[in-house]
Amino acid sequence: GNSVTQMEGPVTLSEEAFLTINCTYTATGYPSLFWYVQYPGEGLQLLLKATKADDKGSNKGFEATYRKETTSFHLEKGSVQVSDSAVYFCALRSASGGSYIPTFGRGTSLIVHP
Amino acid sequence: GAVVSQHPSWVICKSGTSVKIECRSLDFQATTMFWYRQFPKQSLMLMATSNEGSKATYEQGVEKDKFLINHASLTLSTLTVTSAHPEDSSFYICSAYRGRGTSTDTQYFGPGTRLTVL
């Protein structure tokens, strides 16, 4: 079946540091890959997505490249801000039994200090 | 952009009572909505898939008689927690696809409902 593995958190960084949150996946077929962000007390917001191999999703300074050869979709940002503190979820969707129910990773908490 | 709303955003109730949570797609029609439950510091657990005009599909281990789902229109799905108990306290999140739910469609999430059962 489908699965998503994210690095354990929390990730604690100083402002302006470089961020990488690793995400690897297992899926049948050709999944679409997503990163969602959840701020405290809120629902999830789509951060970026990539729908085919070698696609790069980007938004708000965050980037992730769909690597089929390594089954990875690592999230990166060159310079984090305090306002980036949140929980980040990697997810995939593929056709499994005719449905498109997404599979989420466990989430990685990011804490950015001034 | 597409927005999914939930009401209420938080609710406190006494043990044994029932609570209804509404999920609405505000500017698009959603034939399929999902209900998730999230425990503190944990990922989302899919509870059920709600299909407009038909019965919901529940995930294994989710009691359908306890978590009643009704998807009466293309913009509204409701989750009713019946005879709530303290262990039902959680953060409940709904989501909907804008489109037909293909693998490239964007999934929009509601802001969540915090349920506390005393």
# chains A, B, ... in the order shown; residues from 1 in each chain; ligands from 1

call {"tool": "closest_atom_pairs", "arguments": {"of": "chain A", "to": "chain B", "cutoff": "7 Å", "atoms": "only C-alpha atoms", "output": "JSON lines"}}
result
{"residue": "A:Pro31", "atom": "CA", "partner": "B:Ser103", "partner_atom": "CA", "distance": 6.9}
{"residue": "A:Ser32", "atom": "CA", "partner": "B:Ser103", "partner_atom": "CA", "distance": 5.9}
{"residue": "A:Glu42", "atom": "CA", "partner": "B:Pro111", "partner_atom": "CA", "distance": 5.0}
{"residue": "A:Gly43", "atom": "CA", "partner": "B:Pro111", "partner_atom": "CA", "distance": 3.9}
{"residue": "A:Leu44", "atom": "CA", "partner": "B:Phe109", "partner_atom": "CA", "distance": 5.7}
{"residue": "A:Gln45", "atom": "CA", "partner": "B:Phe109", "partner_atom": "CA", "distance": 6.6}
{"residue": "A:Thr51", "atom": "CA", "partner": "B:Thr104", "partner_atom": "CA", "distance": 6.1}
{"residue": "A:Arg93", "atom": "CA", "partner": "B:Ser103", "partner_atom": "CA", "distance": 5.5}
{"residue": "A:Ser94", "atom": "CA", "partner": "B:Ser103", "partner_atom": "CA", "distance": 5.5}
{"residue": "A:Ala95", "atom": "CA", "partner": "B:Ser103", "partner_atom": "CA", "distance": 6.8}
{"residue": "A:Tyr100", "atom": "CA", "partner": "B:Ser103", "partner_atom": "CA", "distance": 6.0}
{"residue": "A:Gly105", "atom": "CA", "partner": "B:Ser43", "partner_atom": "CA", "distance": 6.7}
{"residue": "A:Arg106", "atom": "CA", "partner": "B:Ser43", "partner_atom": "CA", "distance": 4.4}
{"residue": "A:Gly107", "atom": "CA", "partner": "B:Ser43", "partner_atom": "CA", "distance": 5.8}

call {"tool": "residues_around", "arguments": {"residues": "B:Thr17", "least_positions_apart": "5", "cutoff": "8 Å", "atoms": "only C-alpha atoms", "output": "PDB file with N, CA and C atoms, in the first residue's frame"}}
result
ATOM      1  N   THR B  82     -22.253  11.122  18.306  1.00  0.00           N
ATOM      2  CA  THR B  82     -23.379  10.766  19.156  1.00  0.00           C
ATOM      3  C   THR B  82     -22.896  10.239  20.509  1.00  0.00           C
ATOM      4  N   SER B  83     -23.650  10.572  21.541  1.00  0.00           N
ATOM      5  CA  SER B  83     -23.320  10.133  22.893  1.00  0.00           C
ATOM      6  C   SER B  83     -21.812  10.291  23.158  1.00  0.00           C
ATOM      7  N   ALA B  84     -21.397  11.526  23.066  1.00  0.00           N
ATOM      8  CA  ALA B  84     -19.961  11.812  23.159  1.00  0.00           C
ATOM      9  C   ALA B  84     -19.404  11.469  24.542  1.00  0.00           C
TER      10      ALA B  84
END

call {"tool": "residues_around", "arguments": {"residues": "A:Ser85", "least_positions_apart": "5", "cutoff": "6 Å", "atoms": "only C-alpha atoms", "output": "list in words"}}
result
Leu110, Ile111 and Val112 of chain A

call {"tool": "residues_around", "arguments": {"residues": "stretch 64-80 of chain A", "least_positions_apart": "4", "cutoff": "6 Å", "atoms": "only C-alpha atoms", "output": "short mmCIF file (atom, residue, chain, number, x, y, z; two decimals) with all heavy atoms, in the first residue's frame"}}
result
data_model
loop_
_atom_site.label_atom_id
_atom_site.label_comp_id
_atom_site.auth_asym_id
_atom_site.auth_seq_id
_atom_site.Cartn_x
_atom_site.Cartn_y
_atom_site.Cartn_z
N GLU A 15 16.38 31.88 13.13
CA GLU A 15 15.89 32.64 11.98
C GLU A 15 17.00 32.77 10.94
O GLU A 15 18.17 32.94 11.28
CB GLU A 15 15.43 34.02 12.44
CG GLU A 15 14.39 34.66 11.54
CD GLU A 15 13.68 35.83 12.20
OE1 GLU A 15 14.27 36.44 13.12
OE2 GLU A 15 12.54 36.14 11.80
N GLU A 16 16.61 32.68 9.68
CA GLU A 16 17.50 32.78 8.51
C GLU A 16 18.31 31.51 8.25
O GLU A 16 19.10 31.49 7.31
CB GLU A 16 18.43 34.00 8.62
CG GLU A 16 17.66 35.33 8.67
CD GLU A 16 18.58 36.53 8.66
OE1 GLU A 16 19.81 36.34 8.58
OE2 GLU A 16 18.07 37.66 8.76
N ALA A 17 18.11 30.48 9.02
CA ALA A 17 18.81 29.22 8.76
C ALA A 17 18.16 28.50 7.58
O ALA A 17 17.04 28.80 7.18
CB ALA A 17 18.76 28.33 10.01
N PHE A 18 18.92 27.52 7.04
CA PHE A 18 18.42 26.71 5.93
C PHE A 18 17.60 25.55 6.48
O PHE A 18 17.98 24.92 7.45
CB PHE A 18 19.60 26.18 5.11
CG PHE A 18 19.19 25.42 3.88
CD1 PHE A 18 18.94 26.08 2.70
CD2 PHE A 18 19.06 24.03 3.91
CE1 PHE A 18 18.55 25.39 1.55
CE2 PHE A 18 18.68 23.33 2.78
CZ PHE A 18 18.43 24.01 1.60
N LEU A 19 16.50 25.27 5.81
CA LEU A 19 15.60 24.21 6.26
C LEU A 19 15.54 23.08 5.25
O LEU A 19 15.40 23.31 4.05
CB LEU A 19 14.18 24.76 6.45
CG LEU A 19 13.06 23.73 6.65
CD1 LEU A 19 13.20 23.06 8.01
CD2 LEU A 19 11.70 24.35 6.47
N THR A 20 15.62 21.86 5.77
CA THR A 20 15.29 20.67 4.99
C THR A 20 14.43 19.77 5.86
O THR A 20 14.82 19.46 6.98
CB THR A 20 16.55 19.89 4.55
OG1 THR A 20 17.36 20.71 3.74
CG2 THR A 20 16.14 18.65 3.76
N ILE A 21 13.31 19.35 5.34
CA ILE A 21 12.48 18.34 5.98
C ILE A 21 12.35 17.19 4.99
O ILE A 21 11.81 17.35 3.90
CB ILE A 21 11.09 18.86 6.36
CG1 ILE A 21 11.19 20.02 7.35
CG2 ILE A 21 10.26 17.73 6.98
CD1 ILE A 21 9.86 20.63 7.75
N ASN A 22 12.88 16.04 5.38
CA ASN A 22 12.90 14.90 4.48
C ASN A 22 11.54 14.19 4.41
O ASN A 22 10.85 14.05 5.42
CB ASN A 22 13.96 13.90 4.91
CG ASN A 22 15.36 14.43 4.70
OD1 ASN A 22 15.59 15.32 3.88
ND2 ASN A 22 16.32 13.89 5.43
N CYS A 23 11.24 13.74 3.22
CA CYS A 23 10.01 12.97 2.99
C CYS A 23 10.30 11.92 1.93
O CYS A 23 10.80 12.25 0.85
CB CYS A 23 8.88 13.87 2.54
SG CYS A 23 7.41 13.00 1.98
N THR A 24 10.01 10.68 2.23
CA THR A 24 10.09 9.61 1.24
C THR A 24 8.76 8.89 1.20
O THR A 24 7.98 8.94 2.15
CB THR A 24 11.21 8.60 1.57
OG1 THR A 24 10.98 8.07 2.88
CG2 THR A 24 12.57 9.26 1.52
N TYR A 25 8.52 8.22 0.09
CA TYR A 25 7.21 7.62 -0.07
C TYR A 25 7.30 6.25 -0.71
O TYR A 25 8.29 5.90 -1.35
CB TYR A 25 6.30 8.53 -0.91
CG TYR A 25 6.74 8.66 -2.34
CD1 TYR A 25 6.28 7.78 -3.33
CD2 TYR A 25 7.63 9.66 -2.73
CE1 TYR A 25 6.70 7.90 -4.65
CE2 TYR A 25 8.05 9.78 -4.05
CZ TYR A 25 7.59 8.90 -4.99
OH TYR A 25 8.02 9.01 -6.29
N ALA A 53 7.19 13.25 -12.09
CA ALA A 53 8.62 13.16 -11.79
C ALA A 53 9.38 14.37 -12.31
O ALA A 53 9.10 14.87 -13.41
CB ALA A 53 9.18 11.87 -12.37
N ASP A 54 10.30 14.85 -11.49
CA ASP A 54 11.20 15.99 -11.77
C ASP A 54 10.49 17.34 -11.68
O ASP A 54 11.13 18.37 -11.84
CB ASP A 54 11.87 15.85 -13.14
CG ASP A 54 12.74 14.61 -13.23
OD1 ASP A 54 13.35 14.25 -12.20
OD2 ASP A 54 12.80 13.99 -14.30
N ASP A 55 9.20 17.34 -11.41
CA ASP A 55 8.51 18.61 -11.18
C ASP A 55 9.02 19.23 -9.89
O ASP A 55 9.32 18.52 -8.92
CB ASP A 55 7.00 18.38 -11.02
CG ASP A 55 6.27 18.53 -12.33
OD1 ASP A 55 6.93 18.77 -13.36
OD2 ASP A 55 5.03 18.42 -12.31
N LYS A 56 9.10 20.54 -9.86
CA LYS A 56 9.44 21.25 -8.65
C LYS A 56 8.25 22.10 -8.24
O LYS A 56 7.78 22.93 -9.01
CB LYS A 56 10.66 22.14 -8.84
CG LYS A 56 11.01 22.97 -7.59
CD LYS A 56 12.15 23.95 -7.85
CE LYS A 56 13.47 23.24 -7.87
NZ LYS A 56 14.61 24.18 -7.93
N GLY A 57 7.77 21.87 -7.01
CA GLY A 57 6.73 22.73 -6.47
C GLY A 57 7.39 23.82 -5.64
O GLY A 57 8.40 23.57 -4.98
#

call {"tool": "residues_around", "arguments": {"residues": "A:Thr108", "least_positions_apart": "4", "cutoff": "7 Å", "atoms": "only C-alpha atoms", "output": "PyMOL selection string"}}
result
chain A and resi 6-10+87-89

call {"tool": "closest_residue", "arguments": {"among": "A:His113, A:Thr103, A:Phe62, A:Ser14", "to": "A:Val37", "atoms": "only C-alpha atoms"}}
result
A:Phe62

call {"tool": "residues_around", "arguments": {"residues": "B:Ser25", "least_positions_apart": "5", "cutoff": "8 Å", "atoms": "only C-alpha atoms", "output": "NGL selection string"}}
result
:B and (2-5 or 30 or 75-76 or 96)

call {"tool": "atom_distance", "arguments": {"atom1": "atom CA of B:Phe67", "atom2": "atom CA of B:Leu79"}}
result
6.4 Å

call {"tool": "atom_distance", "arguments": {"atom1": "atom CA of B:Thr80", "atom2": "atom CA of B:Glu22"}}
result
8.7 Å

call {"tool": "decode", "arguments": {"residues": "stretch 14-27 of chain B", "atoms": "all heavy atoms", "output": "PDB file, in the first residue's frame"}}
result
ATOM      1  N   LYS B  14     -21.145  18.134  27.402  1.00  0.00           N
ATOM      2  CA  LYS B  14     -21.156  17.169  28.492  1.00  0.00           C
ATOM      3  C   LYS B  14     -21.177  15.745  27.941  1.00  0.00           C
ATOM      4  O   LYS B  14     -21.701  15.490  26.845  1.00  0.00           O
ATOM      5  CB  LYS B  14     -22.383  17.389  29.385  1.00  0.00           C
ATOM      6  CG  LYS B  14     -22.358  18.698  30.156  1.00  0.00           C
ATOM      7  CD  LYS B  14     -23.591  18.803  31.054  1.00  0.00           C
ATOM      8  CE  LYS B  14     -23.565  20.094  31.865  1.00  0.00           C
ATOM      9  NZ  LYS B  14     -24.763  20.206  32.747  1.00  0.00           N
ATOM     10  N   SER B  15     -20.614  14.855  28.700  1.00  0.00           N
ATOM     11  CA  SER B  15     -20.596  13.454  28.313  1.00  0.00           C
ATOM     12  C   SER B  15     -22.030  12.950  28.109  1.00  0.00           C
ATOM     13  O   SER B  15     -22.920  13.250  28.897  1.00  0.00           O
ATOM     14  CB  SER B  15     -19.895  12.639  29.395  1.00  0.00           C
ATOM     15  OG  SER B  15     -19.754  11.305  29.013  1.00  0.00           O
ATOM     16  N   GLY B  16     -22.247  12.220  27.041  1.00  0.00           N
ATOM     17  CA  GLY B  16     -23.562  11.665  26.756  1.00  0.00           C
ATOM     18  C   GLY B  16     -24.375  12.468  25.769  1.00  0.00           C
ATOM     19  O   GLY B  16     -25.384  11.980  25.237  1.00  0.00           O
ATOM     20  N   THR B  17     -23.954  13.684  25.498  1.00  0.00           N
ATOM     21  CA  THR B  17     -24.688  14.510  24.533  1.00  0.00           C
ATOM     22  C   THR B  17     -24.129  14.284  23.129  1.00  0.00           C
ATOM     23  O   THR B  17     -23.069  13.688  22.940  1.00  0.00           O
ATOM     24  CB  THR B  17     -24.595  15.994  24.888  1.00  0.00           C
ATOM     25  OG1 THR B  17     -23.222  16.404  24.873  1.00  0.00           O
ATOM     26  CG2 THR B  17     -25.178  16.252  26.270  1.00  0.00           C
ATOM     27  N   SER B  18     -24.870  14.793  22.141  1.00  0.00           N
ATOM     28  CA  SER B  18     -24.443  14.671  20.743  1.00  0.00           C
ATOM     29  C   SER B  18     -24.023  16.034  20.215  1.00  0.00           C
ATOM     30  O   SER B  18     -24.576  17.061  20.601  1.00  0.00           O
ATOM     31  CB  SER B  18     -25.571  14.104  19.888  1.00  0.00           C
ATOM     32  OG  SER B  18     -25.873  12.778  20.280  1.00  0.00           O
ATOM     33  N   VAL B  19     -23.061  16.017  19.351  1.00  0.00           N
ATOM     34  CA  VAL B  19     -22.522  17.250  18.785  1.00  0.00           C
ATOM     35  C   VAL B  19     -22.479  17.127  17.273  1.00  0.00           C
ATOM     36  O   VAL B  19     -22.022  16.118  16.738  1.00  0.00           O
ATOM     37  CB  VAL B  19     -21.094  17.516  19.309  1.00  0.00           C
ATOM     38  CG1 VAL B  19     -20.488  18.725  18.620  1.00  0.00           C
ATOM     39  CG2 VAL B  19     -21.112  17.700  20.815  1.00  0.00           C
ATOM     40  N   LYS B  20     -22.954  18.158  16.595  1.00  0.00           N
ATOM     41  CA  LYS B  20     -22.930  18.171  15.133  1.00  0.00           C
ATOM     42  C   LYS B  20     -21.917  19.187  14.647  1.00  0.00           C
ATOM     43  O   LYS B  20     -21.898  20.336  15.090  1.00  0.00           O
ATOM     44  CB  LYS B  20     -24.298  18.514  14.569  1.00  0.00           C
ATOM     45  CG  LYS B  20     -24.320  18.566  13.026  1.00  0.00           C
ATOM     46  CD  LYS B  20     -25.648  19.005  12.483  1.00  0.00           C
ATOM     47  CE  LYS B  20     -26.685  17.928  12.580  1.00  0.00           C
ATOM     48  NZ  LYS B  20     -27.950  18.296  11.885  1.00  0.00           N
ATOM     49  N   ILE B  21     -21.081  18.763  13.711  1.00  0.00           N
ATOM     50  CA  ILE B  21     -20.083  19.634  13.100  1.00  0.00           C
ATOM     51  C   ILE B  21     -20.409  19.751  11.616  1.00  0.00           C
ATOM     52  O   ILE B  21     -20.620  18.749  10.939  1.00  0.00           O
ATOM     53  CB  ILE B  21     -18.660  19.061  13.282  1.00  0.00           C
ATOM     54  CG1 ILE B  21     -18.348  18.866  14.764  1.00  0.00           C
ATOM     55  CG2 ILE B  21     -17.632  19.987  12.633  1.00  0.00           C
ATOM     56  CD1 ILE B  21     -17.065  18.083  15.005  1.00  0.00           C
ATOM     57  N   GLU B  22     -20.444  20.985  11.138  1.00  0.00           N
ATOM     58  CA  GLU B  22     -20.759  21.218   9.727  1.00  0.00           C
ATOM     59  C   GLU B  22     -19.496  21.533   8.928  1.00  0.00           C
ATOM     60  O   GLU B  22     -18.607  22.234   9.402  1.00  0.00           O
ATOM     61  CB  GLU B  22     -21.730  22.385   9.575  1.00  0.00           C
ATOM     62  CG  GLU B  22     -23.104  22.136  10.143  1.00  0.00           C
ATOM     63  CD  GLU B  22     -24.051  23.270   9.844  1.00  0.00           C
ATOM     64  OE1 GLU B  22     -23.579  24.341   9.400  1.00  0.00           O
ATOM     65  OE2 GLU B  22     -25.261  23.094  10.055  1.00  0.00           O
ATOM     66  N   CYS B  23     -19.465  21.058   7.717  1.00  0.00           N
ATOM     67  CA  CYS B  23     -18.373  21.338   6.794  1.00  0.00           C
ATOM     68  C   CYS B  23     -18.984  21.817   5.487  1.00  0.00           C
ATOM     69  O   CYS B  23     -19.811  21.127   4.892  1.00  0.00           O
ATOM     70  CB  CYS B  23     -17.544  20.078   6.558  1.00  0.00           C
ATOM     71  SG  CYS B  23     -16.220  20.267   5.344  1.00  0.00           S
ATOM     72  N   ARG B  24     -18.588  23.000   5.070  1.00  0.00           N
ATOM     73  CA  ARG B  24     -19.150  23.580   3.851  1.00  0.00           C
ATOM     74  C   ARG B  24     -18.060  23.965   2.864  1.00  0.00           C
ATOM     75  O   ARG B  24     -17.033  24.527   3.258  1.00  0.00           O
ATOM     76  CB  ARG B  24     -19.958  24.838   4.163  1.00  0.00           C
ATOM     77  CG  ARG B  24     -21.212  24.601   4.988  1.00  0.00           C
ATOM     78  CD  ARG B  24     -21.969  25.899   5.242  1.00  0.00           C
ATOM     79  NE  ARG B  24     -23.122  25.669   6.106  1.00  0.00           N
ATOM     80  CZ  ARG B  24     -24.317  25.316   5.660  1.00  0.00           C
ATOM     81  NH1 ARG B  24     -24.528  25.143   4.360  1.00  0.00           N
ATOM     82  NH2 ARG B  24     -25.307  25.132   6.506  1.00  0.00           N
ATOM     83  N   SER B  25     -18.311  23.678   1.617  1.00  0.00           N
ATOM     84  CA  SER B  25     -17.460  24.209   0.562  1.00  0.00           C
ATOM     85  C   SER B  25     -18.119  25.504   0.095  1.00  0.00           C
ATOM     86  O   SER B  25     -19.290  25.504  -0.293  1.00  0.00           O
ATOM     87  CB  SER B  25     -17.327  23.218  -0.597  1.00  0.00           C
ATOM     88  OG  SER B  25     -18.594  22.845  -1.095  1.00  0.00           O
ATOM     89  N   LEU B  26     -17.387  26.608   0.189  1.00  0.00           N
ATOM     90  CA  LEU B  26     -18.015  27.914   0.028  1.00  0.00           C
ATOM     91  C   LEU B  26     -18.134  28.384  -1.420  1.00  0.00           C
ATOM     92  O   LEU B  26     -19.030  29.141  -1.749  1.00  0.00           O
ATOM     93  CB  LEU B  26     -17.260  28.958   0.849  1.00  0.00           C
ATOM     94  CG  LEU B  26     -17.285  28.726   2.364  1.00  0.00           C
ATOM     95  CD1 LEU B  26     -16.602  29.873   3.079  1.00  0.00           C
ATOM     96  CD2 LEU B  26     -18.701  28.538   2.868  1.00  0.00           C
ATOM     97  N   ASP B  27     -17.236  28.014  -2.276  1.00  0.00           N
ATOM     98  CA  ASP B  27     -17.330  28.521  -3.642  1.00  0.00           C
ATOM     99  C   ASP B  27     -17.137  27.437  -4.690  1.00  0.00           C
ATOM    100  O   ASP B  27     -16.768  27.721  -5.829  1.00  0.00           O
ATOM    101  CB  ASP B  27     -16.326  29.659  -3.865  1.00  0.00           C
ATOM    102  CG  ASP B  27     -14.902  29.204  -3.650  1.00  0.00           C
ATOM    103  OD1 ASP B  27     -14.678  28.051  -3.240  1.00  0.00           O
ATOM    104  OD2 ASP B  27     -13.993  30.018  -3.899  1.00  0.00           O
TER     105      ASP B  27
END
